file coords36.pdb (PDB, C-alpha atoms)
MODEL        1
ATOM      1  CA  MET Q   1      32.640 -57.831 -31.413
ATOM      2  CA  ALA Q   2      34.956 -55.682 -29.310
ATOM      3  CA  PRO Q   3      37.623 -57.551 -27.279
ATOM      4  CA  PHE Q   4      37.277 -57.848 -23.533
ATOM      5  CA  LYS Q   5      39.290 -55.674 -21.210
ATOM      6  CA  SER Q   6      41.709 -57.692 -19.065
ATOM      7  CA  THR Q   7      41.489 -56.899 -15.345
ATOM      8  CA  ALA Q   8      42.414 -60.309 -13.856
ATOM      9  CA  GLN Q   9      44.490 -60.312 -10.673
ATOM     10  CA  PRO Q  10      47.513 -62.586 -10.043
ATOM     11  CA  GLY Q  11      47.470 -65.088  -7.188
ATOM     12  CA  GLY Q  12      44.845 -67.518  -5.892
ATOM     13  CA  SER Q  13      41.372 -68.148  -7.241
ATOM     14  CA  ARG Q  14      38.920 -65.275  -7.118
ATOM     15  CA  TYR Q  15      35.274 -65.722  -8.021
ATOM     16  CA  SER Q  16      33.336 -63.041  -9.865
ATOM     17  CA  VAL Q  17      29.542 -63.245  -9.754
ATOM     18  CA  ILE Q  18      27.727 -61.473 -12.588
ATOM     19  CA  LEU Q  19      24.160 -60.499 -11.656
ATOM     20  CA  PRO Q  20      22.079 -59.102 -14.525
ATOM     21  CA  THR Q  21      19.162 -57.149 -13.050
ATOM     22  CA  TYR Q  22      15.967 -55.492 -14.150
ATOM     23  CA  ASN Q  23      13.480 -54.424 -11.475
ATOM     24  CA  GLU Q  24      15.144 -56.478  -8.730
ATOM     25  CA  ARG Q  25      15.063 -53.856  -5.952
ATOM     26  CA  LYS Q  26      13.439 -56.225  -3.462
ATOM     27  CA  ASN Q  27      15.519 -59.289  -4.336
ATOM     28  CA  LEU Q  28      18.953 -57.695  -4.667
ATOM     29  CA  PRO Q  29      19.783 -57.122  -0.962
ATOM     30  CA  ILE Q  30      18.798 -60.701  -0.100
ATOM     31  CA  ILE Q  31      20.779 -62.377  -2.856
ATOM     32  CA  VAL Q  32      23.873 -60.238  -2.260
ATOM     33  CA  TRP Q  33      23.773 -60.984   1.469
ATOM     34  CA  LEU Q  34      23.543 -64.722   0.748
ATOM     35  CA  ILE Q  35      26.405 -64.548  -1.766
ATOM     36  CA  ALA Q  36      28.601 -62.673   0.719
ATOM     37  CA  LYS Q  37      27.713 -65.101   3.509
ATOM     38  CA  THR Q  38      28.453 -68.153   1.359
ATOM     39  CA  PHE Q  39      31.860 -66.997   0.130
ATOM     40  CA  THR Q  40      32.902 -65.714   3.555
ATOM     41  CA  GLU Q  41      31.961 -68.947   5.328
ATOM     42  CA  HIS Q  42      34.026 -70.952   2.827
ATOM     43  CA  THR Q  43      36.985 -68.526   2.918
ATOM     44  CA  LEU Q  44      36.746 -67.768  -0.801
ATOM     45  CA  ASP Q  45      37.726 -64.511  -2.491
ATOM     46  CA  TRP Q  46      34.778 -62.946  -4.297
ATOM     47  CA  GLU Q  47      33.142 -59.980  -5.950
ATOM     48  CA  VAL Q  48      29.720 -59.221  -7.429
ATOM     49  CA  ILE Q  49      29.205 -57.260 -10.641
ATOM     50  CA  ILE Q  50      25.641 -55.937 -10.906
ATOM     51  CA  VAL Q  51      24.668 -55.218 -14.510
ATOM     52  CA  ASP Q  52      21.436 -53.269 -14.353
ATOM     53  CA  ASP Q  53      19.458 -52.412 -17.479
ATOM     54  CA  ALA Q  54      18.022 -49.064 -16.379
ATOM     55  CA  SER Q  55      15.508 -50.496 -13.919
ATOM     56  CA  PRO Q  56      12.770 -47.961 -13.130
ATOM     57  CA  ASP Q  57      12.100 -49.438  -9.666
ATOM     58  CA  GLY Q  58      15.223 -48.127  -7.924
ATOM     59  CA  THR Q  59      17.440 -51.211  -8.313
ATOM     60  CA  GLN Q  60      20.496 -49.060  -8.964
ATOM     61  CA  GLU Q  61      19.912 -47.004  -5.824
ATOM     62  CA  VAL Q  62      19.801 -50.229  -3.815
ATOM     63  CA  ALA Q  63      22.996 -51.402  -5.492
ATOM     64  CA  LEU Q  64      24.762 -48.189  -4.458
ATOM     65  CA  GLN Q  65      23.663 -48.765  -0.873
ATOM     66  CA  LEU Q  66      25.094 -52.285  -1.038
ATOM     67  CA  ILE Q  67      28.417 -50.886  -2.250
ATOM     68  CA  SER Q  68      28.517 -48.652   0.821
ATOM     69  CA  VAL Q  69      27.898 -51.700   3.039
ATOM     70  CA  TYR Q  70      30.254 -54.264   1.460
ATOM     71  CA  GLY Q  71      32.817 -51.997  -0.198
ATOM     72  CA  GLU Q  72      33.827 -51.236  -3.776
ATOM     73  CA  ASP Q  73      36.205 -54.205  -3.815
ATOM     74  CA  ARG Q  74      33.244 -56.555  -3.314
ATOM     75  CA  ILE Q  75      30.292 -54.948  -5.115
ATOM     76  CA  MET Q  76      30.363 -53.127  -8.442
ATOM     77  CA  LEU Q  77      27.452 -51.499 -10.259
ATOM     78  CA  LYS Q  78      27.909 -51.390 -14.028
ATOM     79  CA  PRO Q  79      24.612 -50.113 -15.453
ATOM     80  CA  ARG Q  80      23.493 -49.973 -19.066
ATOM     81  CA  ALA Q  81      21.153 -47.649 -20.915
ATOM     82  CA  GLY Q  82      18.285 -50.117 -21.315
ATOM     83  CA  LYS Q  83      17.208 -53.740 -21.754
ATOM     84  CA  LEU Q  84      19.836 -55.051 -24.153
ATOM     85  CA  GLY Q  85      19.661 -58.802 -23.586
ATOM     86  CA  LEU Q  86      21.163 -61.376 -21.250
ATOM     87  CA  GLY Q  87      24.148 -62.287 -23.413
ATOM     88  CA  THR Q  88      25.331 -58.709 -23.750
ATOM     89  CA  ALA Q  89      24.819 -58.246 -20.002
ATOM     90  CA  TYR Q  90      27.332 -61.026 -19.366
ATOM     91  CA  ILE Q  91      29.734 -59.551 -21.927
ATOM     92  CA  HIS Q  92      29.433 -56.154 -20.259
ATOM     93  CA  GLY Q  93      30.007 -57.649 -16.813
ATOM     94  CA  LEU Q  94      33.012 -59.665 -17.993
ATOM     95  CA  ASN Q  95      34.863 -56.459 -18.788
ATOM     96  CA  PHE Q  96      34.965 -55.683 -15.052
ATOM     97  CA  CYS Q  97      35.668 -59.134 -13.585
ATOM     98  CA  THR Q  98      38.904 -59.423 -11.638
ATOM     99  CA  GLY Q  99      38.488 -63.128 -10.874
ATOM    100  CA  ASP Q 100      39.674 -66.163 -12.820
ATOM    101  CA  PHE Q 101      36.278 -67.863 -12.439
ATOM    102  CA  VAL Q 102      32.855 -66.401 -13.156
ATOM    103  CA  VAL Q 103      29.531 -67.445 -11.650
ATOM    104  CA  ILE Q 104      26.424 -66.512 -13.598
ATOM    105  CA  MET Q 105      23.116 -66.692 -11.775
ATOM    106  CA  ASP Q 106      19.730 -65.011 -11.516
ATOM    107  CA  ALA Q 107      19.199 -62.174  -9.070
ATOM    108  CA  ASP Q 108      15.576 -63.140  -8.371
ATOM    109  CA  PHE Q 109      16.480 -65.769  -5.748
ATOM    110  CA  SER Q 110      15.712 -68.657  -8.114
ATOM    111  CA  HIS Q 111      19.310 -69.794  -7.584
ATOM    112  CA  HIS Q 112      20.553 -70.189  -4.028
ATOM    113  CA  PRO Q 113      24.233 -69.296  -3.507
ATOM    114  CA  LYS Q 114      24.626 -72.293  -1.164
ATOM    115  CA  PHE Q 115      25.315 -74.415  -4.248
ATOM    116  CA  ILE Q 116      28.313 -72.346  -5.375
ATOM    117  CA  PRO Q 117      30.792 -74.178  -3.071
ATOM    118  CA  GLU Q 118      29.562 -77.471  -4.577
ATOM    119  CA  PHE Q 119      30.298 -76.106  -8.056
ATOM    120  CA  ILE Q 120      33.785 -75.124  -6.930
ATOM    121  CA  LYS Q 121      34.503 -78.513  -5.310
ATOM    122  CA  LEU Q 122      33.508 -80.385  -8.460
ATOM    123  CA  GLN Q 123      35.516 -78.023 -10.658
ATOM    124  CA  GLN Q 124      38.610 -78.466  -8.513
ATOM    125  CA  ALA Q 125      38.232 -82.242  -8.255
ATOM    126  CA  HIS Q 126      38.155 -82.723 -12.044
ATOM    127  CA  ASN Q 127      39.815 -79.506 -13.285
ATOM    128  CA  LEU Q 128      36.668 -78.671 -15.253
ATOM    129  CA  ASP Q 129      36.130 -75.714 -17.544
ATOM    130  CA  ILE Q 130      32.424 -75.339 -16.706
ATOM    131  CA  VAL Q 131      30.140 -76.530 -13.920
ATOM    132  CA  THR Q 132      26.416 -76.111 -14.458
ATOM    133  CA  GLY Q 133      23.549 -76.546 -12.047
ATOM    134  CA  THR Q 134      20.973 -79.158 -12.951
ATOM    135  CA  ARG Q 135      17.396 -79.612 -11.797
ATOM    136  CA  TYR Q 136      17.277 -83.111 -13.251
ATOM    137  CA  ARG Q 137      20.010 -85.102 -11.494
ATOM    138  CA  THR Q 138      20.386 -86.229  -7.902
ATOM    139  CA  THR Q 139      24.178 -86.713  -7.893
ATOM    140  CA  PRO Q 140      27.050 -84.715  -9.415
ATOM    141  CA  THR Q 141      28.558 -85.746 -12.713
ATOM    142  CA  PRO Q 142      31.346 -86.647 -12.981
ATOM    143  CA  ARG Q 143      31.223 -88.117  -9.502
ATOM    144  CA  MET Q 144      33.383 -86.716  -6.768
ATOM    145  CA  PRO Q 145      36.510 -88.878  -6.246
ATOM    146  CA  SER Q 146      36.321 -90.943  -3.057
ATOM    147  CA  SER Q 147      39.658 -89.498  -1.976
ATOM    148  CA  TYR Q 148      38.469 -85.914  -2.367
ATOM    149  CA  SER Q 149      37.924 -84.241   0.996
ATOM    150  CA  LEU Q 150      34.693 -82.284   1.449
ATOM    151  CA  THR Q 151      34.632 -79.521   4.033
ATOM    152  CA  SER Q 152      30.875 -79.812   4.391
ATOM    153  CA  ALA Q 153      28.061 -82.140   3.438
ATOM    154  CA  PRO Q 154      26.632 -81.586  -0.054
ATOM    155  CA  ALA Q 155      23.443 -79.570  -0.139
ATOM    156  CA  ALA Q 156      20.262 -81.545  -0.833
ATOM    157  CA  ALA Q 157      19.263 -80.833  -4.395
ATOM    158  CA  GLY Q 158      17.768 -81.831  -7.697
ATOM    159  CA  GLY Q 159      14.327 -80.298  -8.183
ATOM    160  CA  VAL Q 160      12.028 -77.384  -8.927
ATOM    161  CA  TYR Q 161       9.753 -75.570  -6.490
ATOM    162  CA  GLY Q 162       7.008 -73.060  -7.214
ATOM    163  CA  TRP Q 163       6.152 -74.212 -10.737
ATOM    164  CA  ASP Q 164       2.801 -75.629 -11.751
ATOM    165  CA  LEU Q 165       2.572 -78.924 -13.645
ATOM    166  CA  LYS Q 166       2.350 -77.206 -17.038
ATOM    167  CA  ARG Q 167       5.613 -75.330 -16.607
ATOM    168  CA  LYS Q 168       7.395 -78.419 -15.286
ATOM    169  CA  LEU Q 169       6.253 -80.366 -18.341
ATOM    170  CA  VAL Q 170       7.349 -77.573 -20.674
ATOM    171  CA  SER Q 171      10.798 -77.435 -19.069
ATOM    172  CA  ARG Q 172      11.241 -81.200 -19.094
ATOM    173  CA  GLY Q 173      10.033 -81.391 -22.677
ATOM    174  CA  ALA Q 174      12.352 -78.602 -23.803
ATOM    175  CA  ASN Q 175      15.371 -80.281 -22.263
ATOM    176  CA  PHE Q 176      14.375 -83.680 -23.660
ATOM    177  CA  LEU Q 177      13.993 -82.207 -27.151
ATOM    178  CA  ALA Q 178      17.319 -80.393 -26.981
ATOM    179  CA  ASP Q 179      19.147 -83.408 -25.545
ATOM    180  CA  THR Q 180      17.717 -85.756 -28.176
ATOM    181  CA  VAL Q 181      18.487 -83.490 -31.120
ATOM    182  CA  LEU Q 182      21.775 -81.917 -30.019
ATOM    183  CA  GLN Q 183      23.178 -84.655 -27.717
ATOM    184  CA  PRO Q 184      25.379 -82.334 -25.645
ATOM    185  CA  GLY Q 185      25.634 -84.734 -22.703
ATOM    186  CA  VAL Q 186      24.154 -82.204 -20.267
ATOM    187  CA  SER Q 187      20.875 -82.877 -18.463
ATOM    188  CA  ASP Q 188      19.760 -79.249 -17.951
ATOM    189  CA  LEU Q 189      20.490 -77.171 -21.025
ATOM    190  CA  THR Q 190      18.129 -74.338 -20.157
ATOM    191  CA  GLY Q 191      19.524 -73.631 -16.691
ATOM    192  CA  SER Q 192      21.317 -70.349 -16.029
ATOM    193  CA  PHE Q 193      23.260 -71.115 -12.839
ATOM    194  CA  ARG Q 194      26.828 -71.888 -13.895
ATOM    195  CA  LEU Q 195      30.518 -71.570 -13.063
ATOM    196  CA  TYR Q 196      32.975 -70.845 -15.883
ATOM    197  CA  ARG Q 197      36.666 -70.281 -16.199
ATOM    198  CA  VAL Q 198      36.859 -66.656 -17.284
ATOM    199  CA  HIS Q 199      38.643 -67.347 -20.567
ATOM    200  CA  VAL Q 200      36.195 -70.133 -21.397
ATOM    201  CA  LEU Q 201      33.164 -67.908 -20.899
ATOM    202  CA  LYS Q 202      34.762 -65.198 -23.034
ATOM    203  CA  ASN Q 203      35.533 -67.659 -25.827
ATOM    204  CA  VAL Q 204      32.098 -69.276 -25.857
ATOM    205  CA  ILE Q 205      29.922 -66.208 -25.444
ATOM    206  CA  THR Q 206      31.457 -64.428 -28.429
ATOM    207  CA  GLN Q 207      30.253 -67.310 -30.647
ATOM    208  CA  VAL Q 208      26.653 -67.277 -29.432
ATOM    209  CA  GLN Q 209      23.969 -65.782 -31.650
ATOM    210  CA  SER Q 210      20.756 -66.641 -29.783
ATOM    211  CA  ARG Q 211      18.752 -64.494 -27.415
ATOM    212  CA  GLY Q 212      16.057 -65.235 -24.834
ATOM    213  CA  TYR Q 213      15.479 -68.781 -23.596
ATOM    214  CA  VAL Q 214      17.675 -70.314 -26.312
ATOM    215  CA  PHE Q 215      20.750 -68.421 -25.129
ATOM    216  CA  GLN Q 216      21.781 -70.749 -22.289
ATOM    217  CA  MET Q 217      21.197 -73.824 -24.432
ATOM    218  CA  GLU Q 218      23.439 -72.484 -27.180
ATOM    219  CA  MET Q 219      26.118 -71.583 -24.623
ATOM    220  CA  MET Q 220      26.367 -75.179 -23.450
ATOM    221  CA  THR Q 221      26.044 -76.721 -26.904
ATOM    222  CA  ARG Q 222      28.827 -74.566 -28.311
ATOM    223  CA  ALA Q 223      31.026 -75.135 -25.248
ATOM    224  CA  ARG Q 224      30.786 -78.886 -25.802
ATOM    225  CA  ALA Q 225      31.482 -78.484 -29.528
ATOM    226  CA  MET Q 226      34.562 -76.401 -28.697
ATOM    227  CA  GLY Q 227      35.899 -79.231 -26.529
ATOM    228  CA  TYR Q 228      35.437 -77.730 -23.081
ATOM    229  CA  THR Q 229      34.840 -80.031 -20.125
ATOM    230  CA  VAL Q 230      31.523 -79.718 -18.293
ATOM    231  CA  GLY Q 231      30.326 -81.031 -14.930
ATOM    232  CA  GLU Q 232      26.875 -80.900 -13.346
ATOM    233  CA  VAL Q 233      25.811 -80.300  -9.754
ATOM    234  CA  PRO Q 234      22.207 -80.962  -8.660
ATOM    235  CA  ILE Q 235      20.419 -77.823  -7.490
ATOM    236  CA  THR Q 236      16.985 -76.835  -6.311
ATOM    237  CA  PHE Q 237      15.397 -74.155  -8.439
ATOM    238  CA  VAL Q 238      12.849 -71.942  -6.689
ATOM    239  CA  ASP Q 239      10.481 -69.738  -8.686
ATOM    240  CA  ARG Q 240      11.168 -66.041  -8.151
ATOM    241  CA  ILE Q 241      10.032 -64.543  -4.835
ATOM    242  CA  PHE Q 242       9.194 -61.031  -6.048
ATOM    243  CA  GLY Q 243       8.138 -60.090  -9.584
ATOM    244  CA  GLU Q 244       6.764 -62.154 -12.437
ATOM    245  CA  SER Q 245       8.276 -64.921 -14.534
ATOM    246  CA  LYS Q 246       8.147 -64.416 -18.274
ATOM    247  CA  LEU Q 247       7.413 -67.641 -20.179
ATOM    248  CA  GLY Q 248       4.811 -67.719 -22.931
ATOM    249  CA  ALA Q 249       3.937 -69.358 -26.222
ATOM    250  CA  ASP Q 250       6.327 -67.129 -28.180
ATOM    251  CA  GLU Q 251       9.261 -68.253 -26.020
ATOM    252  CA  ILE Q 252       8.330 -71.931 -26.476
ATOM    253  CA  VAL Q 253       8.147 -71.586 -30.263
ATOM    254  CA  GLY Q 254      11.394 -69.637 -30.251
ATOM    255  CA  PHE Q 255      13.087 -72.370 -28.255
ATOM    256  CA  ALA Q 256      12.060 -75.060 -30.750
ATOM    257  CA  LYS Q 257      13.369 -72.931 -33.618
ATOM    258  CA  GLY Q 258      16.595 -72.418 -31.707
ATOM    259  CA  VAL Q 259      17.120 -76.155 -31.253
ATOM    260  CA  TRP Q 260      16.743 -76.652 -34.993
ATOM    261  CA  ALA Q 261      19.103 -73.775 -35.798
ATOM    262  CA  LEU Q 262      21.777 -75.239 -33.534
ATOM    263  CA  PHE Q 263      21.278 -78.718 -34.978
ATOM    264  CA  ILE Q 264      22.087 -77.518 -38.500
ATOM    265  CA  SER Q 265      24.877 -75.107 -37.535
ATOM    266  CA  VAL Q 266      26.904 -76.579 -34.658
TER     267      VAL Q 266
ENDMDL
END
call {"tool": "encode", "arguments": {"input": "coords36.pdb", "output": "structure tokens"}}
result
Amino acid sequence: MAPFKSTAQPGGSRYSVILPTYNERKNLPIIVWLIAKTFTEHTLDWEVIIVDDASPDGTQEVALQLISVYGEDRIMLKPRAGKLGLGTAYIHGLNFCTGDFVVIMDADFSHHPKFIPEFIKLQQAHNLDIVTGTRYRTTPTPRMPSSYSLTSAPAAAGGVYGWDLKRKLVSRGANFLADTVLQPGVSDLTGSFRLYRVHVLKNVITQVQSRGYVFQMEMMTRARAMGYTVGEVPITFVDRIFGESKLGADEIVGFAKGVWALFISV
């Protein structure tokens, strides 16, 4: 795999948000506005890298409009020729990150940017390599030190909204299976809302072989096996506002196979 280009800037912490998109024209302006609002209110340096896989709905045109609003130092559009997978989208986006931390999240409004400051607080308090959002805890782990000063009250969190009972059971079951077999010490292996040190994400992602719903699970399992420290922050996950979710029998079977493959290889 080709090495990453180094574009990191010296100085204080800068946070790069990688947003993989495909047909997110309606969601993109909302999520970018919320990201900008969150970082600005907390006086944090930030940028967003939009990695679009040739969306036919005009997502790239919207992204260009956002660049004109926020500026090229805040929003970058780095398109690709087609749908090439989530892992390679992150790798592509990493080549353009100028921050020393990377936030990965969905562009469909399933992940609210209001939780990003909580990720950062936990990372700073424990000098963590990775902070991941979890739908299945009510308090951060490790706990925030009592002496650590919070600038705002933690956001209420720890749940899923917009899913029917079947999907909740599937998600819970998938995480229970993965946790029992792989024992990574993380409550939400299938989540995709995370904060990484840039070098950690680069090191882990180059080792990952899975695609689809197994990808995020393998990322966390391999990170733990490589000795990186991981914290969890409770989040609320909201099913996408516009568009359709894509979870079927093939993905469930693929996930089970992925758990087994990781069990025998990691």
call {"tool": "residues_around", "arguments": {"input": "coords36.pdb", "residues": "Ala36 (chain Q)", "least_positions_apart": "3", "cutoff": "10 Å", "atoms": "all atoms listed in the file", "output": "ChimeraX atom specification"}}
result
/Q:31-33,39-41,44-48,70,74-75,113
call {"tool": "write_last_selection", "arguments": {"input": "coords36.pdb", "atoms": "C-alpha atoms", "output": "PDB file, in the frame of the given file"}}
result
ATOM      1  CA  ILE Q  31      20.779 -62.377  -2.856  1.00  0.00           C
ATOM      2  CA  VAL Q  32      23.873 -60.238  -2.260  1.00  0.00           C
ATOM      3  CA  TRP Q  33      23.773 -60.984   1.469  1.00  0.00           C
ATOM      4  CA  PHE Q  39      31.860 -66.997   0.130  1.00  0.00           C
ATOM      5  CA  THR Q  40      32.902 -65.714   3.555  1.00  0.00           C
ATOM      6  CA  GLU Q  41      31.961 -68.947   5.328  1.00  0.00           C
ATOM      7  CA  LEU Q  44      36.746 -67.768  -0.801  1.00  0.00           C
ATOM      8  CA  ASP Q  45      37.726 -64.511  -2.491  1.00  0.00           C
ATOM      9  CA  TRP Q  46      34.778 -62.946  -4.297  1.00  0.00           C
ATOM     10  CA  GLU Q  47      33.142 -59.980  -5.950  1.00  0.00           C
ATOM     11  CA  VAL Q  48      29.720 -59.221  -7.429  1.00  0.00           C
ATOM     12  CA  TYR Q  70      30.254 -54.264   1.460  1.00  0.00           C
ATOM     13  CA  ARG Q  74      33.244 -56.555  -3.314  1.00  0.00           C
ATOM     14  CA  ILE Q  75      30.292 -54.948  -5.115  1.00  0.00           C
ATOM     15  CA  PRO Q 113      24.233 -69.296  -3.507  1.00  0.00           C
TER      16      PRO Q 113
END
call {"tool": "closest_residue", "arguments": {"input": "coords36.pdb", "among": "Q:Leu28, Q:Ile91, Q:Val186, Q:Val131", "to": "Leu64 (chain Q)", "atoms": "all atoms listed in the file"}}
result
Q:Leu28
call {"tool": "atom_distance", "arguments": {"input": "coords36.pdb", "atom1": "CA of Ala54 (chain Q)", "atom2": "CA of Glu24 (chain Q)"}}
result
11.0 Å
call {"tool": "closest_residue", "arguments": {"input": "coords36.pdb", "among": "Q:Thr141, Q:Thr206, Q:Thr229, Q:Thr221", "to": "Thr88 (chain Q)", "atoms": "only C-alpha atoms"}}
result
Q:Thr206
call {"tool": "atom_distance", "arguments": {"input": "coords36.pdb", "atom1": "CA of Phe109 (chain Q)", "atom2": "CA of Val17 (chain Q)"}}
result
13.9 Å
call {"tool": "atom_distance", "arguments": {"input": "coords36.pdb", "atom1": "CA of Lys202 (chain Q)", "atom2": "CA of Asp188 (chain Q)"}}
result
21.2 Å
call {"tool": "residues_around", "arguments": {"input": "coords36.pdb", "residues": "His111 (chain Q)", "least_positions_apart": "2", "cutoff": "12 Å", "atoms": "all atoms listed in the file", "output": "ChimeraX atom specification"}}
result
/Q:19,27,30-32,34-35,103-109,113-116,132-135,157,159-161,191-194,234-241
call {"tool": "closest_residue", "arguments": {"input": "coords36.pdb", "among": "Q:Pro140, Q:Pro20, Q:Gly185, Q:Pro79", "to": "Glu118 (chain Q)", "atoms": "all atoms listed in the file"}}
result
Q:Pro140
call {"tool": "residues_near_point", "arguments": {"input": "coords36.pdb", "point": "(14.8, -54.2, -13.7)", "cutoff": "8 Å", "atoms": "only C-alpha atoms", "output": "VMD selection string"}}
result
chain Q and resid 21 to 25 52 to 57 59
